[in-house]
Number of protein chains: 2
Amino acid sequence: MSTAPTTPATPERPLRRDAERNRQRILEAAREAFAEVGLSVTLDEIAHRAGVGVGTIYRRFPDKEKLIDALFEDQINGFVAMAEECLDHEDAWSGLLSFFERATESHACDRGFKEVALSGYHGLDRCSRARELMLPVVSRLVDRAQADGSLRADVAPTDLPLLQLMLGSLSDCTRDVDPEVWRRYLGIVTDGLRAQGGPPSPLPRPPLRPEQTQEAMRAWRPPAR
Amino acid sequence: MSTAPTTPATPERPLRRDAERNRQRILEAAREAFAEVGLSVTLDEIAHRAGVGVGTIYRRFPDKEKLIDALFEDQINGFVAMAEECLDHEDAWSGLLSFFERATESHACDRGFKEVALSGYHGLDRCSRARELMLPVVSRLVDRAQADGSLRADVAPTDLPLLQLMLGSLSDCTRDVDPEVWRRYLGIVTDGLRAQGGPPSPLPRPPLRPEQTQEAMRAWRPPAR
DNA sequence: CAGAAGTGGAGATTCGATCTCCACTTGCTC
DNA sequence: GAGCAAGTGGAGATCGAATCTCCACTTCTG
């Protein structure tokens with residue numbers, strides 16, 4: 001969300017003023033484009049949004065992967081920090097819910113981030129290292145909520161990323177139709193995770209209308225080969 | 001599953017015996033390949049599996065789309081029939097569950113079918129006509145289960161295809177790791193759909209181990225552009 | 001104002017798919 | 001079993017979409 005304080009280039013020799021300005025524009029445009037379209041946006045598209053030529057991008061970043069790595073490092077570390085904060089909720093269940101909701105939200109708002117966070121995407125060392133930090137934190141969230149009897153006993157920490165993945169693909173194809181409707185399905189899933197039944201919790205969003213559903217399905221794309 | 005009685009070519013003039021045999025091989029190979037890989041398998045791959053050259057495929061089918069349309073017509077009609085059968089369960093809830101389970105199963109076993117059933121995939125007239133028949137049937141399944149108080153009152157018929165879509169993308173990336181684990185997540189989701197809480201229903205499959213989860217995530221691919 | 005730094009964007013390159021084409025092979029009919 | 005229409009394989013024409021290169025030109029800075 002915030003324009004992160006991305007590394008201001010190696011200060012071996014400072015960039016010319018116009019060059020530095022372009023560098024920032026590229027980073028900004030890339031963040032935007034990755035968020036909207038996903039990691040598959042072309043560099044041509046990014047260059048266009050930044051108002052520069054492709055050549056300018058290649059002058060600053062050796063290749064597309066390096067650009068991605070530079071861009072998402074902060075974001076993925078922030079994600080881990082968010083999970084840790086959720087451990088501090090005094091109520092274990094609401095801590096878990098809060099993690100779940102914020103995680104799904106990040107995925108819904110930023111396709112690029114979702115792809116970096118969920119997939120292997122080879123060659124993003126810094127990002128994949130951060131990903132490894134997640135499982136332990138998630139385990140503690142799960143343990144805590146099972147210990148106090150709010151989370152059903154038969155779910156495991158490894159279930160969470162997979163549930164995230166499911167919700168992520170839903171939000172991916174509903175985003176243009178109703179960008180918040182994923183909350184409805186998150187509600188259904190989390191009701192399915194509670195240990196003791198009670199009445200279902202009210203769903204935070206109304207269902208899609210039939211035409212909206214049609215449109216969402218039309219927006220669905222099979223996974224890339 | 002069954003080798004459907006696909007239209008035996010226009011009987012204007014019967015094919016030579018070897019040609020008809022090849023035609024069947026192509027259909028069979030295509031069914032297999034679409035199921036395993038999805039609609040994006042190349043015709044080269046299909047030709048290879050069928051033990052014929054690409055040219056032979058093009059002699060029988062004007063293009064890839066026609067081949068797909070021919071292949072999935074029966075299957076999608078069968079799907080609608082299956083949904084109608086589920087209306088006959090005397091218990092509304094188990095009818096709904098049964099539909100849900102069998103639908104997810106078809107998607108898990110056949111990537112091609114999933115893509116035809118869920119996405120718009122333009123230009124498959126016969127298939128898309130069949131898809132339109134679904135909503136009314138699903139509505140009756142939902143109504144019935146709400147009328148007898150087993151299904152939570154705030155879900156709508158349009159929720160079902162979207163829940164299917166979620167489960168479908170899960171099964172897509174877990175299929176090589178544990179082809180049945182989608183049942184676990186189906187269990188969580190359907191627990192979230194029940195009207196009155198009770199104890200959670202036992203999950204039909206154990207969770208994935210951490211390495212398996214890693215592998216499943218590695219198998220995840222972002223939607224095609 | 002000189003020269004170093006930076007730039008744009010056409011196009012070289014690679015890749016992976018669909019579909020064409022024709023010299024050759026096979027099956028059917030008489 | 002001969003002759004010919006039907007059928008075949010698969011190399012390669014063709015398309016499209018992406019990454020990345022290159023260099024004549026522009027812009028900054030000391």
# chains A, B, ... in the order shown; residues from 1 in each chain; ligands from 1
call {"tool": "closest_atom_pairs", "arguments": {"of": "chain D", "to": "chain B", "cutoff": "8 Å", "atoms": "only C-alpha atoms (C1' of nucleotides)", "output": "CSV"}}
result
residue,atom,partner,partner_atom,distance
D:DA6,C1',B:Arg16,CA,7.4
D:DG7,C1',B:Ala19,CA,6.7
D:DT8,C1',B:Thr56,CA,6.4
D:DG9,C1',B:Gly53,CA,5.0
D:DG10,C1',B:Gly53,CA,6.3
call {"tool": "interface_residues", "arguments": {"of": "chain B", "to": "chain A", "cutoff": "8 Å", "atoms": "only C-alpha atoms", "output": "MDAnalysis selection string"}}
result
chainID B and resid 40 115 118:121 152 154:156 158:159 162:163 165:167 169:170 185 188:200 202:203 207:210 213 217:225
call {"tool": "interface_residues", "arguments": {"of": "chain C", "to": "chain B", "cutoff": "8 Å", "atoms": "only C-alpha atoms (C1' of nucleotides)", "output": "number ranges by chain"}}
result
C: 17, 19, 27
call {"tool": "write_last_selection", "arguments": {"atoms": "C-alpha atoms (C1' of nucleotides)", "output": "CSV table (one decimal), in the first residue's frame"}}
result
chain,number,residue,atom,x,y,z
C,17,DA,C1',1.6,-22.6,-30.5
C,19,DC,C1',-2.4,-25.1,-39.1
C,27,DG,C1',-7.5,-49.9,-48.3
call {"tool": "residues_around", "arguments": {"residues": "DT14 in chain C", "least_positions_apart": "2", "cutoff": "10 Å", "atoms": "only C-alpha atoms (C1' of nucleotides)", "output": "tab-separated table (two decimals) with C-alpha atoms (C1' of nucleotides), in the first residue's frame"}}
result
chain	number	residue	atom	x	y	z
C	12	DA	C1'	16.64	-8.81	-33.29
C	16	DG	C1'	5.68	-22.04	-28.49
D	18	DA	C1'	7.30	-11.77	-24.93
D	19	DT	C1'	12.27	-10.37	-23.48
call {"tool": "select_by_dssp", "arguments": {"residues": "range 46-159 of chain B", "states": "alpha helix (DSSP H)", "output": "number ranges by chain"}}
result
B: 46-50, 54-60, 64-86, 92-109, 111-118, 125-132, 134-147, 159
call {"tool": "residues_around", "arguments": {"residues": "Phe113 in chain A", "least_positions_apart": "3", "cutoff": "9 Å", "atoms": "only C-alpha atoms (C1' of nucleotides)", "output": "VMD selection string"}}
result
chain A and resid 34 to 35 38 to 39 72 75 to 76 106 to 107 109 to 110 116 to 118
call {"tool": "atom_distance", "arguments": {"atom1": "C1' of DT13 in chain C", "atom2": "CA of Ala47 in chain A"}}
result
20.1 Å
